[in-house]
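Step one of this worksheet: look at the structure below.
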Amino acid sequence: MRKGLFALAAAGLLATGSMAACGSESGDSGSGSGDSGSSAGKVGVILPDTKSSARWATADLKYLTDAFKAAGVEADIQNAQGDKTQFQTIADGMISSGVKVLMIVNLDSGTGKAVLDKAKAAGIATIDYDRLTLNGGADYYVSFDNVEVGKLQGQGLIDCLTEKKATKPVVAYLNGSPTDNNATLFKEGYDSVLKPKFDSGEFVKGPDQDVPDWDNVQGGTLFEQMLTTNKDIKGVLAANDGLGNAAIQVLKKNKLNGQVPVTGQDATVQGLQNVLVGDQCMTVYKAIKDEADAASELAIALAKGQAPTSATGSVTDPESKKDVKSVLLKPQSITKANVKDVVADGFVTKEELCTADFAKACTDAGIS
């Protein structure tokens, strides 16, 4: 097992034997099995899209597939490609096929709840993966501490503006999708860090916009409108790397890239490259393999009829007010100074990151 950078928030979260699965980001399904899992039930996994973040195609699919395959547990992993009707159709098919466990990343809480209700009615164990389905009643929830993600973003922006000796900088918010509870939690985190700066007058609160469906094109359009109406924007709290890059492209058109700090999240190749060349001041690394392993461990135990032992925490659903048994993992702030650690952890490769345009920046950052 690879050496992880970050400790899990709860003990014993590394997948114990992990399983057999297959699937693809295009929405095709597949299954696999091994002798060790012959008595286990099947697991269904629905990933959300390939648009909101590259991770769903490049990281989660791979790590979950590998985990199920290693444990010899049959699985069906599909991607809804951002289509709520397709999401429900996939779920209906999995429920009809007799899955024993259903793990979902909801597209919104309404659709997610409808699917979870059907699964529970069929006696299927349920796991919310990465995003909590509000009022959904999932049996378990596996994610990162998303308020902490936001706090890291807020503090990262403060550090970058302080380094630039910015005076009363106007800070714009480019938030995630209003239908994603994670986006709400991220904002709760960065608001808690930045609000004291706004209240004291040290920073000035600028435009504050949600981006529907985390759509990067819409994000770029919204930020261009922000900058057109407020030329004094000196910092951008972008909720993830895709939105951060959308803002950076607008800043480039106005010859402001590198001068206006922009945050991000997910430690995507693009985001890390932007950090290396100074166009993005930071990103947040979430060790997706650890999240996939934690969720896989739960699903494996449930598929085998065992009582999971790793979900030692709980999260209160803000709508139902009920506690959901949870595993929350710790995120990490990444700047130019420690991009090399993400490479060392195996999340991205030097070959992916250090292409010709970024070779010198990689060398300067100690990536060898």
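By order in the structure tokens, chains are A, B, ...; within a chain, residues start at 1; ligands start at 1, following the order shown.
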
- Message: Excluding region 205-221 of chain A and its own-chain neighbours fewer than 5 positions away, which residues fall within 7 Å of it when counting only C-alpha atoms? Please give them as a ChimeraX atom specification.
- Response: /A:52,170-178,198,226,242-243,246-247,250

Any chance you can output those residues with N, CA and C atoms as a PDB file, in the first residue's frame?
```pdb
ATOM      1  N   SER A  52     -17.853  18.391 -13.218  1.00  0.00           N
ATOM      2  CA  SER A  52     -17.607  19.212 -12.033  1.00  0.00           C
ATOM      3  C   SER A  52     -16.167  19.101 -11.570  1.00  0.00           C
ATOM      4  N   VAL A 170     -10.278  44.036  -2.431  1.00  0.00           N
ATOM      5  CA  VAL A 170     -11.638  43.559  -2.688  1.00  0.00           C
ATOM      6  C   VAL A 170     -11.547  42.069  -3.027  1.00  0.00           C
ATOM      7  N   VAL A 171     -12.301  41.247  -2.298  1.00  0.00           N
ATOM      8  CA  VAL A 171     -12.268  39.792  -2.481  1.00  0.00           C
ATOM      9  C   VAL A 171     -13.582  39.329  -3.104  1.00  0.00           C
ATOM     10  N   ALA A 172     -13.484  38.641  -4.238  1.00  0.00           N
ATOM     11  CA  ALA A 172     -14.656  38.090  -4.911  1.00  0.00           C
ATOM     12  C   ALA A 172     -14.804  36.616  -4.574  1.00  0.00           C
ATOM     13  N   TYR A 173     -16.038  36.167  -4.435  1.00  0.00           N
ATOM     14  CA  TYR A 173     -16.342  34.756  -4.191  1.00  0.00           C
ATOM     15  C   TYR A 173     -16.895  34.127  -5.463  1.00  0.00           C
ATOM     16  N   LEU A 174     -16.317  33.007  -5.865  1.00  0.00           N
ATOM     17  CA  LEU A 174     -16.846  32.178  -6.940  1.00  0.00           C
ATOM     18  C   LEU A 174     -17.138  30.821  -6.303  1.00  0.00           C
ATOM     19  N   ASN A 175     -18.361  30.690  -5.768  1.00  0.00           N
ATOM     20  CA  ASN A 175     -18.747  29.520  -4.987  1.00  0.00           C
ATOM     21  C   ASN A 175     -19.136  28.349  -5.880  1.00  0.00           C
ATOM     22  N   GLY A 176     -19.227  27.169  -5.264  1.00  0.00           N
ATOM     23  CA  GLY A 176     -19.675  25.991  -5.987  1.00  0.00           C
ATOM     24  C   GLY A 176     -21.174  25.979  -6.196  1.00  0.00           C
ATOM     25  N   SER A 177     -21.691  24.838  -6.634  1.00  0.00           N
ATOM     26  CA  SER A 177     -23.103  24.713  -6.976  1.00  0.00           C
ATOM     27  C   SER A 177     -23.995  24.867  -5.751  1.00  0.00           C
ATOM     28  N   PRO A 178     -25.072  25.645  -5.863  1.00  0.00           N
ATOM     29  CA  PRO A 178     -25.975  25.821  -4.725  1.00  0.00           C
ATOM     30  C   PRO A 178     -26.737  24.545  -4.348  1.00  0.00           C
ATOM     31  N   PHE A 198     -13.266  41.171   6.771  1.00  0.00           N
ATOM     32  CA  PHE A 198     -14.247  42.111   6.218  1.00  0.00           C
ATOM     33  C   PHE A 198     -14.793  43.028   7.316  1.00  0.00           C
ATOM     34  N   MET A 226     -18.067  40.057 -13.048  1.00  0.00           N
ATOM     35  CA  MET A 226     -17.598  40.645 -11.789  1.00  0.00           C
ATOM     36  C   MET A 226     -16.473  41.648 -12.035  1.00  0.00           C
ATOM     37  N   GLY A 242     -11.258  23.995 -11.063  1.00  0.00           N
ATOM     38  CA  GLY A 242     -11.906  24.305 -12.337  1.00  0.00           C
ATOM     39  C   GLY A 242     -12.393  25.734 -12.371  1.00  0.00           C
ATOM     40  N   LEU A 243     -13.055  26.164 -11.314  1.00  0.00           N
ATOM     41  CA  LEU A 243     -13.530  27.543 -11.233  1.00  0.00           C
ATOM     42  C   LEU A 243     -12.351  28.507 -11.097  1.00  0.00           C
ATOM     43  N   ALA A 246     -11.033  29.008 -14.506  1.00  0.00           N
ATOM     44  CA  ALA A 246     -11.930  29.870 -15.273  1.00  0.00           C
ATOM     45  C   ALA A 246     -11.653  31.335 -14.954  1.00  0.00           C
ATOM     46  N   ALA A 247     -11.445  31.647 -13.663  1.00  0.00           N
ATOM     47  CA  ALA A 247     -11.117  33.018 -13.267  1.00  0.00           C
ATOM     48  C   ALA A 247      -9.751  33.430 -13.805  1.00  0.00           C
ATOM     49  N   VAL A 250      -9.792  34.618 -17.378  1.00  0.00           N
ATOM     50  CA  VAL A 250     -10.287  35.997 -17.483  1.00  0.00           C
ATOM     51  C   VAL A 250      -9.198  36.980 -17.049  1.00  0.00           C
TER      52      VAL A 250
END
```

From the DSSP assignment of the backbone, select every residue of region 28-249 of chain A that is strand (DSSP E), and format the answer as a PDB file with C-alpha atoms, in the first residue's frame.
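File written: result.pdb
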```pdb
ATOM      1  CA  SER A  29     -21.175  -0.791 -16.133  1.00  0.00           C
ATOM      2  CA  GLY A  30     -19.345  -3.951 -15.389  1.00  0.00           C
ATOM      3  CA  SER A  31     -18.676  -6.447 -12.666  1.00  0.00           C
ATOM      4  CA  VAL A  43     -22.182  -3.332  -4.562  1.00  0.00           C
ATOM      5  CA  GLY A  44     -23.570  -0.574  -6.783  1.00  0.00           C
ATOM      6  CA  VAL A  45     -21.778   2.775  -7.071  1.00  0.00           C
ATOM      7  CA  ILE A  46     -23.105   5.851  -8.889  1.00  0.00           C
ATOM      8  CA  LEU A  47     -20.602   8.626  -9.584  1.00  0.00           C
ATOM      9  CA  ALA A  75     -19.480  -4.355  -8.140  1.00  0.00           C
ATOM     10  CA  ASP A  76     -21.176  -2.179 -10.706  1.00  0.00           C
ATOM     11  CA  ILE A  77     -19.710   1.337 -10.981  1.00  0.00           C
ATOM     12  CA  GLN A  78     -21.421   3.811 -13.302  1.00  0.00           C
ATOM     13  CA  ASN A  79     -21.317   7.556 -13.942  1.00  0.00           C
ATOM     14  CA  VAL A 101     -25.103  -2.025  -0.990  1.00  0.00           C
ATOM     15  CA  LEU A 102     -25.681   1.212  -2.910  1.00  0.00           C
ATOM     16  CA  MET A 103     -23.120   4.020  -2.745  1.00  0.00           C
ATOM     17  CA  ILE A 104     -23.979   7.339  -4.399  1.00  0.00           C
ATOM     18  CA  ALA A 125     -27.627  -0.619   2.759  1.00  0.00           C
ATOM     19  CA  THR A 126     -26.777   2.928   1.638  1.00  0.00           C
ATOM     20  CA  ILE A 127     -23.661   5.098   1.658  1.00  0.00           C
ATOM     21  CA  ASP A 128     -23.387   8.785   0.772  1.00  0.00           C
ATOM     22  CA  TYR A 129     -19.960   9.151  -0.820  1.00  0.00           C
ATOM     23  CA  TYR A 140     -23.287   6.013   6.280  1.00  0.00           C
ATOM     24  CA  TYR A 141     -21.421   9.057   4.988  1.00  0.00           C
ATOM     25  CA  VAL A 142     -17.788   9.128   3.850  1.00  0.00           C
ATOM     26  CA  SER A 143     -16.104  12.406   2.931  1.00  0.00           C
ATOM     27  CA  PHE A 144     -13.499  14.952   3.918  1.00  0.00           C
ATOM     28  CA  VAL A 170     -11.638  43.559  -2.688  1.00  0.00           C
ATOM     29  CA  VAL A 171     -12.268  39.792  -2.481  1.00  0.00           C
ATOM     30  CA  ALA A 172     -14.656  38.090  -4.911  1.00  0.00           C
ATOM     31  CA  TYR A 173     -16.342  34.756  -4.191  1.00  0.00           C
ATOM     32  CA  LEU A 174     -16.846  32.178  -6.940  1.00  0.00           C
ATOM     33  CA  ASN A 175     -18.747  29.520  -4.987  1.00  0.00           C
ATOM     34  CA  VAL A 204     -13.491  44.460   1.407  1.00  0.00           C
ATOM     35  CA  LYS A 205     -16.223  41.951   0.543  1.00  0.00           C
ATOM     36  CA  GLY A 206     -16.753  41.964  -3.227  1.00  0.00           C
ATOM     37  CA  PRO A 207     -19.121  40.069  -5.566  1.00  0.00           C
ATOM     38  CA  ASP A 208     -20.404  36.744  -4.214  1.00  0.00           C
ATOM     39  CA  GLN A 209     -21.789  34.298  -6.818  1.00  0.00           C
ATOM     40  CA  ASP A 210     -22.778  30.622  -6.829  1.00  0.00           C
ATOM     41  CA  ILE A 233     -10.935  42.919  -7.315  1.00  0.00           C
ATOM     42  CA  LYS A 234      -7.595  41.865  -5.800  1.00  0.00           C
ATOM     43  CA  GLY A 235      -8.391  38.339  -4.623  1.00  0.00           C
ATOM     44  CA  VAL A 236     -10.627  35.470  -5.777  1.00  0.00           C
ATOM     45  CA  LEU A 237     -11.943  32.751  -3.488  1.00  0.00           C
ATOM     46  CA  ALA A 238     -12.689  30.117  -6.140  1.00  0.00           C
TER      47      ALA A 238
END
```

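One finds CA of Lys100 (chain A) at 5.2 Å from CA of Ile124 (chain A).
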
- CA of Ala80 (chain A) to CA of Asn106 (chain A) measures 9.5 Å

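Nearest residue to Pro318 (chain A) among A:Thr228, A:Ser96, A:Val343, A:Leu185 is A:Leu185, counting only C-alpha atoms.
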
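Closest to Ala359 (chain A) among A:Asp293, A:Ala40, A:Asp92, A:Val277 is A:Val277, based on only C-alpha atoms.
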